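A.B. asks: Input my_file-v3.cif, format and content: mmCIF, C-alpha atoms and all ligand atoms.
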data_protein
#
loop_
_atom_site.label_atom_id
_atom_site.label_comp_id
_atom_site.auth_asym_id
_atom_site.auth_seq_id
_atom_site.Cartn_x
_atom_site.Cartn_y
_atom_site.Cartn_z
CA MET L 157 0.00 0.00 0.00
CA LYS L 158 1.37 3.42 -0.97
CA LEU L 159 1.70 5.76 2.02
CA ALA L 160 0.11 9.20 1.69
CA PRO L 161 2.55 12.01 0.84
CA LEU L 162 3.80 13.85 3.88
CA LEU L 163 5.57 17.23 3.89
CA ALA L 164 8.25 17.88 6.53
CA PRO L 165 9.41 21.51 6.38
CA SER L 166 13.09 21.86 7.28
CA LEU L 167 13.74 24.40 10.02
CA LEU L 168 17.19 24.99 8.53
CA ALA L 169 15.53 27.35 6.04
CA GLY L 170 13.55 29.17 8.74
CA ASP L 171 14.49 32.38 10.52
CA HIS L 172 17.28 31.42 12.95
CA ALA L 173 16.63 34.53 15.03
CA ALA L 174 13.03 33.40 15.52
CA LEU L 175 13.16 29.62 15.37
CA GLY L 176 10.02 29.13 17.47
CA ASP L 177 7.96 31.30 15.14
CA SER L 178 9.38 29.51 12.10
CA ALA L 179 8.58 26.10 13.61
CA GLU L 180 5.02 27.19 14.37
CA VAL L 181 4.46 27.70 10.67
CA VAL L 182 4.11 23.90 10.55
CA PRO L 183 0.94 23.55 12.68
CA HIS L 184 -0.28 26.88 11.31
CA HIS L 185 -0.52 25.22 7.89
CA GLY L 186 -2.15 22.08 9.27
CA LEU L 187 1.08 20.08 8.86
CA SER L 188 2.28 17.55 11.41
CA TRP L 189 6.02 17.03 10.75
CA LEU L 190 8.90 19.43 11.40
CA HIS L 191 12.34 18.39 10.12
CA VAL L 192 15.20 19.47 12.38
CA ASP L 193 18.78 19.19 11.05
CA ILE L 194 21.45 18.61 13.68
CA MET L 195 25.00 19.23 12.34
CA ASP L 196 28.30 18.83 14.18
CA ALA L 197 30.90 20.47 11.87
CA HIS L 198 32.62 17.07 11.62
CA PHE L 199 30.33 14.74 9.70
CA VAL L 200 29.18 17.78 7.72
CA PRO L 201 30.93 21.17 7.38
CA ASN L 202 28.27 23.16 9.22
CA LEU L 203 26.84 23.69 12.72
CA THR L 204 23.19 24.06 13.64
CA PHE L 205 21.11 23.20 16.69
CA GLY L 206 21.68 21.27 19.91
CA PRO L 207 19.19 19.39 22.10
CA GLU L 208 18.41 22.55 24.10
CA VAL L 209 16.97 24.13 20.97
CA VAL L 210 14.79 21.08 20.33
CA ALA L 211 13.63 21.11 23.98
CA ALA L 212 12.81 24.82 23.82
CA LEU L 213 10.76 24.31 20.66
CA ARG L 214 8.98 21.34 22.23
CA ARG L 215 7.93 23.54 25.19
CA ARG L 216 5.96 25.81 22.88
CA SER L 217 2.30 24.92 23.35
CA ALA L 218 1.57 25.37 19.62
CA LEU L 219 4.14 22.62 18.91
CA ALA L 220 2.88 20.15 21.53
CA ASP L 221 1.43 17.84 18.86
CA THR L 222 4.08 18.42 16.19
CA PHE L 223 6.15 15.41 15.11
CA PHE L 224 9.83 16.33 15.49
CA ASP L 225 11.73 14.53 12.72
CA THR L 226 15.28 14.93 14.01
CA HIS L 227 18.07 14.23 11.52
CA LEU L 228 21.42 13.72 13.25
CA MET L 229 24.31 14.57 10.92
CA LEU L 230 26.90 13.56 13.49
CA ASP L 231 30.05 11.45 13.50
CA GLU L 232 29.02 9.83 16.79
CA PRO L 233 25.20 9.87 16.84
CA HIS L 234 25.04 7.05 19.40
CA ARG L 235 26.37 9.52 22.01
CA TYR L 236 23.48 11.92 21.50
CA VAL L 237 20.31 9.89 20.99
CA GLU L 238 19.36 10.07 24.70
CA ALA L 239 19.73 13.85 24.72
CA PHE L 240 17.55 14.31 21.63
CA ALA L 241 14.95 11.82 22.88
CA GLN L 242 14.75 13.67 26.21
CA ALA L 243 14.50 16.96 24.34
CA GLY L 244 11.27 15.76 22.74
CA SER L 245 12.22 14.29 19.37
CA SER L 246 9.55 12.04 17.87
CA LEU L 247 11.87 10.36 15.39
CA ILE L 248 15.66 10.30 15.39
CA SER L 249 17.49 9.39 12.21
CA ILE L 250 21.17 8.47 12.09
CA HIS L 251 23.59 8.09 9.19
CA ILE L 252 24.94 4.77 7.97
CA GLU L 253 28.34 6.19 6.90
CA PRO L 254 30.21 6.67 10.20
CA SER L 255 31.47 3.61 12.01
CA TYR L 256 29.49 2.72 15.18
CA ASP L 257 26.88 0.12 16.21
CA HIS L 258 24.08 1.04 13.79
CA ALA L 259 21.66 -1.74 14.77
CA GLY L 260 22.25 -1.16 18.48
CA THR L 261 21.70 2.58 18.14
CA LEU L 262 18.51 2.07 16.12
CA ALA L 263 17.22 -0.29 18.83
CA ARG L 264 18.21 2.21 21.54
CA ILE L 265 16.23 4.97 19.82
CA ARG L 266 13.11 2.80 20.00
CA GLU L 267 13.82 1.91 23.64
CA LEU L 268 13.87 5.65 24.32
CA GLY L 269 10.32 5.86 22.96
CA CYS L 270 11.11 7.43 19.59
CA GLN L 271 10.77 6.18 16.06
CA ASN L 272 14.09 5.55 14.32
CA GLY L 273 15.48 6.24 10.87
CA ILE L 274 18.57 5.42 8.84
CA VAL L 275 20.05 7.94 6.38
CA LEU L 276 22.12 7.52 3.21
CA ASN L 277 24.35 10.16 1.66
CA PRO L 278 24.23 10.53 -2.14
CA ASP L 279 27.35 8.37 -2.66
CA THR L 280 26.10 5.56 -0.40
CA PRO L 281 24.36 2.69 -2.21
CA ALA L 282 21.01 1.27 -1.08
CA GLU L 283 22.77 -2.02 -0.24
CA ALA L 284 24.51 -0.31 2.70
CA VAL L 285 21.23 -0.27 4.67
CA GLU L 286 19.61 -3.41 3.23
CA SER L 287 20.15 -5.56 6.33
CA LEU L 288 18.63 -2.89 8.59
CA LEU L 289 15.38 -2.35 6.71
CA ASP L 290 13.33 -4.58 9.01
CA GLN L 291 14.54 -2.57 12.02
CA VAL L 292 13.63 0.97 10.97
CA ASP L 293 10.61 3.27 10.85
CA LEU L 294 12.11 5.50 8.15
CA VAL L 295 14.80 5.49 5.49
CA LEU L 296 16.06 8.92 4.42
CA VAL L 297 17.70 9.25 1.00
CA MET L 298 19.73 12.46 0.79
CA THR L 299 19.19 14.07 -2.61
CA VAL L 300 22.02 16.56 -1.93
CA GLN L 301 25.29 16.23 -0.03
CA PRO L 302 24.17 17.08 3.53
CA GLY L 303 25.33 20.24 5.24
CA PHE L 304 23.54 23.15 3.63
CA GLY L 305 20.11 24.11 2.35
CA GLY L 306 19.45 25.51 -1.10
CA GLN L 307 21.53 23.01 -3.10
CA SER L 308 20.65 21.46 -6.45
CA PHE L 309 18.63 18.26 -6.40
CA ARG L 310 20.34 15.10 -7.69
CA THR L 311 18.10 13.25 -10.12
CA SER L 312 20.64 10.39 -10.04
CA MET L 313 19.19 9.35 -6.66
CA MET L 314 15.92 8.09 -8.25
CA PRO L 315 17.11 4.48 -8.84
CA LYS L 316 18.19 4.26 -5.19
CA ILE L 317 14.74 5.38 -4.01
CA ALA L 318 13.12 2.89 -6.40
CA GLN L 319 15.32 0.05 -5.10
CA LEU L 320 14.45 0.81 -1.47
CA ASP L 321 10.76 0.98 -2.36
CA ARG L 322 11.03 -2.36 -4.19
CA TRP L 323 12.59 -4.05 -1.16
CA ARG L 324 9.92 -2.48 1.04
CA GLN L 325 7.15 -3.98 -1.07
CA GLU L 326 8.81 -7.37 -1.63
CA ARG L 327 9.46 -7.79 2.12
CA GLY L 328 6.12 -6.41 3.33
CA LEU L 329 7.86 -3.65 5.30
CA ASN L 330 6.23 -0.35 6.15
CA PHE L 331 9.04 2.13 6.84
CA ARG L 332 8.52 5.64 5.49
CA LEU L 333 10.78 6.55 2.56
CA GLU L 334 11.94 10.15 2.93
CA VAL L 335 13.88 12.44 0.61
CA ASP L 336 15.78 15.58 1.59
CA GLY L 337 17.58 18.22 -0.41
CA GLY L 338 16.43 20.41 -3.28
CA VAL L 339 12.88 19.05 -3.07
CA ASP L 340 10.41 21.40 -4.74
CA LEU L 341 7.31 21.25 -6.95
CA THR L 342 9.37 19.94 -9.89
CA THR L 343 11.70 17.48 -8.17
CA GLY L 344 9.29 16.19 -5.50
CA PRO L 345 6.99 14.45 -8.02
CA LEU L 346 10.03 12.61 -9.46
CA CYS L 347 10.75 11.25 -5.96
CA ARG L 348 7.08 10.35 -5.51
CA GLU L 349 7.14 8.50 -8.82
CA ALA L 350 10.24 6.59 -7.67
CA GLY L 351 8.50 5.55 -4.44
CA ALA L 352 9.15 8.25 -1.81
CA ASP L 353 6.32 9.27 0.53
CA THR L 354 7.93 11.78 2.92
CA PHE L 355 9.30 15.05 1.57
CA VAL L 356 11.65 17.36 3.44
CA ALA L 357 11.52 20.85 1.98
CA GLY L 358 13.50 23.79 3.33
CA THR L 359 13.96 26.51 0.76
CA ALA L 360 10.97 25.53 -1.38
CA PHE L 361 8.60 25.71 1.60
CA PHE L 362 9.95 28.57 3.72
CA LYS L 363 10.71 30.85 0.77
CA ALA L 364 7.48 30.05 -1.10
CA THR L 365 5.30 33.05 -1.81
CA ASP L 366 2.30 30.86 -0.97
CA ARG L 367 3.20 28.19 1.59
CA ALA L 368 -0.37 26.93 1.81
CA ALA L 369 -0.40 26.31 -1.95
CA PHE L 370 2.94 24.49 -1.70
CA ALA L 371 1.61 22.27 1.11
CA ALA L 372 -1.59 21.57 -0.85
CA ALA L 373 0.44 20.62 -3.93
CA VAL L 374 2.55 18.12 -1.97
CA ALA L 375 -0.58 16.59 -0.44
CA ALA L 376 -1.83 15.89 -3.98
CA TRP L 377 1.34 14.09 -5.17
O1 LIG K 401 19.48 18.14 5.45
C1 LIG K 401 19.53 19.22 4.95
C2 LIG K 401 20.85 19.79 4.57
O2 LIG K 401 21.82 18.89 4.90
C3 LIG K 401 18.29 20.03 4.74
O3 LIG K 401 17.18 19.42 5.35
C4 LIG K 401 18.05 20.22 3.28
O4 LIG K 401 19.12 20.87 2.75
C5 LIG K 401 16.76 20.96 3.02
O5 LIG K 401 17.01 22.15 2.43
P1 LIG K 401 16.56 22.52 0.94
O6 LIG K 401 15.14 22.05 0.81
O7 LIG K 401 16.73 24.00 0.93
O8 LIG K 401 17.47 21.79 0.01
#
Turn the structure described in the file into structure tokens.
Ligand SMILES: O=C(CO)[C@H](O)[C@H](O)COP(=O)(O)O
C.D. replies:
Amino acid sequence: MKLAPLLAPSLLAGDHAALGDSAEVVPHHGLSWLHVDIMDAHFVPNLTFGPEVVAALRRRSALADTFFDTHLMLDEPHRYVEAFAQAGSSLISIHIEPSYDHAGTLARIRELGCQNGIVLNPDTPAEAVESLLDQVDLVLVMTVQPGFGGQSFRTSMMPKIAQLDRWRQERGLNFRLEVDGGVDLTTGPLCREAGADTFVAGTAFFKATDRAAFAAAVAAW
């Protein structure tokens, strides 16, 4: 069964001097997911938010029901999953590329009461996460090299998305298949066609002249 399309606006493209107000745009538009990018200046060449920021957002009453989709771009994510779970993350996704106990960390995220996700950089093949697919709630395919918003979408990621979707169907799995990076009204439908159901959009959503129209368009994919 094909999951309904879900839009997850990326806070990275919001106003960093008013993060709470930017995050509240999500429930304001009737959306449920907020994508929060956590960068450590090691795994990616940029720095963003720590768990205190996530906790402060979570304390906002308007965000009480918002699903915090927390993407850890960290060299040592296993050291931080407790902190982000305690901060109020709903889902914590970790990258496959660094060396640590991936399966153990995914299991720990669930023990902490969160959903878990595994993430692949553009150069990482689908096979790298194949053995973990029955242990995850979400697979995130990066459609840009992670680190910065506003980059050009990589169409070359479509076969990888299609392969993950094929395995999902063949094995009767029900993880969400998310894409992130350069997703807009032109590139998003290509991802949908390939099998994605969850769409992170930073620039295309926050800089849209009509955010409601953007959200409505994604809901119709
Ligand atoms: O993970 C990310 C960057 O590493 C961001 O979520 C992504 O870049 C979204 O931004 P945009 O939609 O502007 O490409």
A.B. asks: If I take atom C1 of ligand LIG 401 (chain K) and CA of Asp225 in chain L, how far is one from the other in Å, to one decimal?
C.D. replies: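 Atom C1 of ligand LIG 401 (chain K) sits 12.0 Å away from CA of Asp225 in chain L.
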A.B. asks: Could you check which residues have any atom within 12 Å of (20.4, 10.6, 25.0), counting all atoms listed in the file with coordinates taken straight from the file, and then list them as a tab-separated table (two decimals) with C-alpha atoms, keeping the file's coordinate frame?
C.D. replies:
chain	number	residue	atom	x	y	z
L	206	GLY	CA	21.68	21.27	19.91
L	207	PRO	CA	19.19	19.39	22.10
L	232	GLU	CA	29.02	9.83	16.79
L	233	PRO	CA	25.20	9.87	16.84
L	234	HIS	CA	25.04	7.05	19.40
L	235	ARG	CA	26.37	9.52	22.01
L	236	TYR	CA	23.48	11.92	21.50
L	237	VAL	CA	20.31	9.89	20.99
L	238	GLU	CA	19.36	10.07	24.70
L	239	ALA	CA	19.73	13.85	24.72
L	240	PHE	CA	17.55	14.31	21.63
L	241	ALA	CA	14.95	11.82	22.88
L	242	GLN	CA	14.75	13.67	26.21
L	243	ALA	CA	14.50	16.96	24.34
L	244	GLY	CA	11.27	15.76	22.74
L	245	SER	CA	12.22	14.29	19.37
L	248	ILE	CA	15.66	10.30	15.39
L	261	THR	CA	21.70	2.58	18.14
L	264	ARG	CA	18.21	2.21	21.54
L	265	ILE	CA	16.23	4.97	19.82
L	266	ARG	CA	13.11	2.80	20.00
L	267	GLU	CA	13.82	1.91	23.64
L	268	LEU	CA	13.87	5.65	24.32
L	269	GLY	CA	10.32	5.86	22.96
L	270	CYS	CA	11.11	7.43	19.59
A.B. asks: Which residues, written as a PDB file with C-alpha atoms, in the frame of the given file, have at least one atom at most 10 Å from Phe199 in chain L, with all atoms listed in the file counted and residues fewer than 4 positions away on the same chain left out?
C.D. replies:
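Output file selection03.pdb is given in full below:
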ATOM      1  CA  MET L 195      25.000  19.230  12.340  1.00  0.00           C
ATOM      2  CA  LEU L 228      21.420  13.720  13.250  1.00  0.00           C
ATOM      3  CA  MET L 229      24.310  14.570  10.920  1.00  0.00           C
ATOM      4  CA  LEU L 230      26.900  13.560  13.490  1.00  0.00           C
ATOM      5  CA  ASP L 231      30.050  11.450  13.500  1.00  0.00           C
ATOM      6  CA  GLU L 232      29.020   9.830  16.790  1.00  0.00           C
ATOM      7  CA  HIS L 251      23.590   8.090   9.190  1.00  0.00           C
ATOM      8  CA  GLU L 253      28.340   6.190   6.900  1.00  0.00           C
ATOM      9  CA  PRO L 254      30.210   6.670  10.200  1.00  0.00           C
ATOM     10  CA  PRO L 302      24.170  17.080   3.530  1.00  0.00           C
ATOM     11  CA  GLY L 303      25.330  20.240   5.240  1.00  0.00           C
TER      12      GLY L 303
END
A.B. asks: Fewer than 2 positions away in the same chain doesn't count, so skip those; otherwise give me all residues within 8 Å of range 257-260 of chain L, counting only C-alpha atoms, as a list in words.
C.D. replies: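 Counting only the stated atoms, we get His234, Ile252, Ser255, Leu262, Ala263, Arg264, Leu288 and Gln291 of chain L.
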A.B. asks: Using the file's own x, y and z axes, what box holds all listed atoms of ligand LIG 401 (chain K) with 3 Å on each side, keeping edges along x, y and z, and what are its centre and edge lengths in Å to one decimal, as lines of an AutoDock Vina configuration file?
C.D. replies:
center_x = 18.5
center_y = 21.1
center_z = 2.7
size_x = 12.7
size_y = 11.9
size_z = 11.4
A.B. asks: What does the distance from CA of Asp366 in chain L to CA of Val182 in chain L come to in Å, to one decimal?
C.D. replies: 13.6 Å
A.B. asks: Output the neighbourhood of ligand LIG 401 (chain K) as a PDB file with C-alpha atoms, in the coordinates of the input, that is, all protein and nucleic acid residues with some atom at most 6 Å from the ligand, counting only C-alpha atoms and all ligand atoms.
C.D. replies:
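Result went into selection.pdb, see below:
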ATOM      1  CA  SER L 166      13.090  21.860   7.280  1.00  0.00           C
ATOM      2  CA  ASP L 193      18.780  19.190  11.050  1.00  0.00           C
ATOM      3  CA  PRO L 302      24.170  17.080   3.530  1.00  0.00           C
ATOM      4  CA  GLY L 303      25.330  20.240   5.240  1.00  0.00           C
ATOM      5  CA  PHE L 304      23.540  23.150   3.630  1.00  0.00           C
ATOM      6  CA  GLY L 305      20.110  24.110   2.350  1.00  0.00           C
ATOM      7  CA  GLY L 306      19.450  25.510  -1.100  1.00  0.00           C
ATOM      8  CA  GLN L 307      21.530  23.010  -3.100  1.00  0.00           C
ATOM      9  CA  ASP L 336      15.780  15.580   1.590  1.00  0.00           C
ATOM     10  CA  GLY L 337      17.580  18.220  -0.410  1.00  0.00           C
ATOM     11  CA  GLY L 338      16.430  20.410  -3.280  1.00  0.00           C
ATOM     12  CA  VAL L 339      12.880  19.050  -3.070  1.00  0.00           C
ATOM     13  CA  ALA L 357      11.520  20.850   1.980  1.00  0.00           C
ATOM     14  CA  GLY L 358      13.500  23.790   3.330  1.00  0.00           C
ATOM     15  CA  THR L 359      13.960  26.510   0.760  1.00  0.00           C
ATOM     16  CA  ALA L 360      10.970  25.530  -1.380  1.00  0.00           C
TER      17      ALA L 360
END
A.B. asks: Which distance in Å separates CA of His184 in chain L and CA of Asn272 in chain L, to one decimal?
C.D. replies: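 One can read the CA of His184 in chain L to CA of Asn272 in chain L distance as 25.9 Å.
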A.B. asks: Set the distance at 9 Å and use all atoms listed in the file: which residues neighbour Leu320 in chain L once local chain neighbours fewer than 6 positions away are removed? I'd like the list as a PyMOL selection string.
C.D. replies: chain L and resi 282-283+286+289+295+333+351
A.B. asks: Report as a list in words all protein, DNA and RNA residues lying within 9 Å of Arg310 in chain L, evaluated on only C-alpha atoms, omitting residues in the same chain fewer than 4 positions from it.
C.D. replies: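 So the residues in contact are Pro278, Met298, Thr299, Val300, Met314, Gly337, Gly338 and Thr343 of chain L.
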A.B. asks: Just checking: using only C-alpha atoms, which residue out of L:Val285, L:Leu219, L:Val297, L:Ala173 ends up closest to Trp323 in chain L?
C.D. replies: L:Val285
A.B. asks: Tell me which of L:Lys316, L:His185, L:Arg348, L:Arg327 sits closest to Phe362 in chain L, counting only C-alpha atoms.
C.D. replies: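 Between L:Lys316, L:His185, L:Arg348, L:Arg327, the residue approaching Phe362 in chain L most closely is L:His185.
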A.B. asks: Could you tell me which of L:Trp189, L:Phe370, L:Phe331, L:Phe205 comes closest to Ala220 in chain L if we count only C-alpha atoms?
C.D. replies: L:Trp189
A.B. asks: Nearest residue to Asp321 in chain L out of L:His227, L:Lys363, L:Lys158, L:His198, using all atoms listed in the file?
C.D. replies: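 Ranking L:His227, L:Lys363, L:Lys158, L:His198 by distance to Asp321 in chain L, first place goes to L:Lys158.
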A.B. asks: Since the input has fewer atoms than a full residue there, write range 338-361 of chain L out with N, CA and C atoms, as an mmCIF file, in the frame of the given file.
C.D. replies:
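Output file rebuild-v2.cif is given in full below:
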data_model
loop_
_atom_site.group_PDB
_atom_site.id
_atom_site.type_symbol
_atom_site.label_atom_id
_atom_site.label_comp_id
_atom_site.auth_asym_id
_atom_site.auth_seq_id
_atom_site.Cartn_x
_atom_site.Cartn_y
_atom_site.Cartn_z
ATOM 1 N N GLY L 338 16.849 19.912 -1.972
ATOM 2 C CA GLY L 338 16.430 20.410 -3.280
ATOM 3 C C GLY L 338 15.050 19.941 -3.700
ATOM 4 N N VAL L 339 14.233 19.542 -2.733
ATOM 5 C CA VAL L 339 12.880 19.050 -3.070
ATOM 6 C C VAL L 339 11.952 20.251 -3.275
ATOM 7 N N ASP L 340 11.360 20.322 -4.439
ATOM 8 C CA ASP L 340 10.410 21.400 -4.740
ATOM 9 C C ASP L 340 9.287 20.847 -5.606
ATOM 10 N N LEU L 341 8.491 21.719 -6.204
ATOM 11 C CA LEU L 341 7.310 21.250 -6.950
ATOM 12 C C LEU L 341 7.679 20.533 -8.245
ATOM 13 N N THR L 342 8.922 20.665 -8.691
ATOM 14 C CA THR L 342 9.370 19.940 -9.890
ATOM 15 C C THR L 342 10.042 18.628 -9.522
ATOM 16 N N THR L 343 10.916 18.672 -8.513
ATOM 17 C CA THR L 343 11.700 17.480 -8.170
ATOM 18 C C THR L 343 10.935 16.515 -7.258
ATOM 19 N N GLY L 344 10.051 17.046 -6.420
ATOM 20 C CA GLY L 344 9.290 16.190 -5.500
ATOM 21 C C GLY L 344 8.491 15.113 -6.236
ATOM 22 N N PRO L 345 7.751 15.475 -7.295
ATOM 23 C CA PRO L 345 6.990 14.450 -8.020
ATOM 24 C C PRO L 345 7.864 13.344 -8.610
ATOM 25 N N LEU L 346 9.117 13.661 -8.971
ATOM 26 C CA LEU L 346 10.030 12.610 -9.460
ATOM 27 C C LEU L 346 10.311 11.604 -8.342
ATOM 28 N N CYS L 347 10.505 12.124 -7.125
ATOM 29 C CA CYS L 347 10.750 11.250 -5.960
ATOM 30 C C CYS L 347 9.501 10.435 -5.657
ATOM 31 N N ARG L 348 8.339 11.057 -5.767
ATOM 32 C CA ARG L 348 7.080 10.350 -5.510
ATOM 33 C C ARG L 348 6.918 9.198 -6.505
ATOM 34 N N GLU L 349 7.231 9.509 -7.754
ATOM 35 C CA GLU L 349 7.140 8.500 -8.820
ATOM 36 C C GLU L 349 8.082 7.327 -8.533
ATOM 37 N N ALA L 350 9.253 7.634 -7.978
ATOM 38 C CA ALA L 350 10.240 6.590 -7.670
ATOM 39 C C ALA L 350 9.858 5.775 -6.442
ATOM 40 N N GLY L 351 8.947 6.327 -5.600
ATOM 41 C CA GLY L 351 8.500 5.550 -4.440
ATOM 42 C C GLY L 351 8.570 6.263 -3.107
ATOM 43 N N ALA L 352 9.057 7.518 -3.081
ATOM 44 C CA ALA L 352 9.150 8.250 -1.810
ATOM 45 C C ALA L 352 7.760 8.689 -1.345
ATOM 46 N N ASP L 353 7.604 8.830 -0.025
ATOM 47 C CA ASP L 353 6.320 9.270 0.530
ATOM 48 C C ASP L 353 6.466 10.421 1.517
ATOM 49 N N THR L 354 7.714 10.752 1.899
ATOM 50 C CA THR L 354 7.930 11.780 2.920
ATOM 51 C C THR L 354 8.942 12.774 2.363
ATOM 52 N N PHE L 355 8.558 14.053 2.343
ATOM 53 C CA PHE L 355 9.300 15.050 1.570
ATOM 54 C C PHE L 355 9.772 16.187 2.480
ATOM 55 N N VAL L 356 11.078 16.240 2.696
ATOM 56 C CA VAL L 356 11.650 17.360 3.440
ATOM 57 C C VAL L 356 11.819 18.511 2.456
ATOM 58 N N ALA L 357 11.335 19.677 2.840
ATOM 59 C CA ALA L 357 11.520 20.850 1.980
ATOM 60 C C ALA L 357 11.893 22.035 2.870
ATOM 61 N N GLY L 358 13.059 22.611 2.601
ATOM 62 C CA GLY L 358 13.500 23.790 3.330
ATOM 63 C C GLY L 358 13.205 25.030 2.531
ATOM 64 N N THR L 359 14.089 25.306 1.578
ATOM 65 C CA THR L 359 13.960 26.510 0.760
ATOM 66 C C THR L 359 12.604 26.587 0.065
ATOM 67 N N ALA L 360 12.201 25.493 -0.565
ATOM 68 C CA ALA L 360 10.970 25.530 -1.380
ATOM 69 C C ALA L 360 9.739 25.840 -0.524
ATOM 70 N N PHE L 361 9.753 25.433 0.739
ATOM 71 C CA PHE L 361 8.600 25.710 1.600
ATOM 72 C C PHE L 361 8.722 27.089 2.254
#
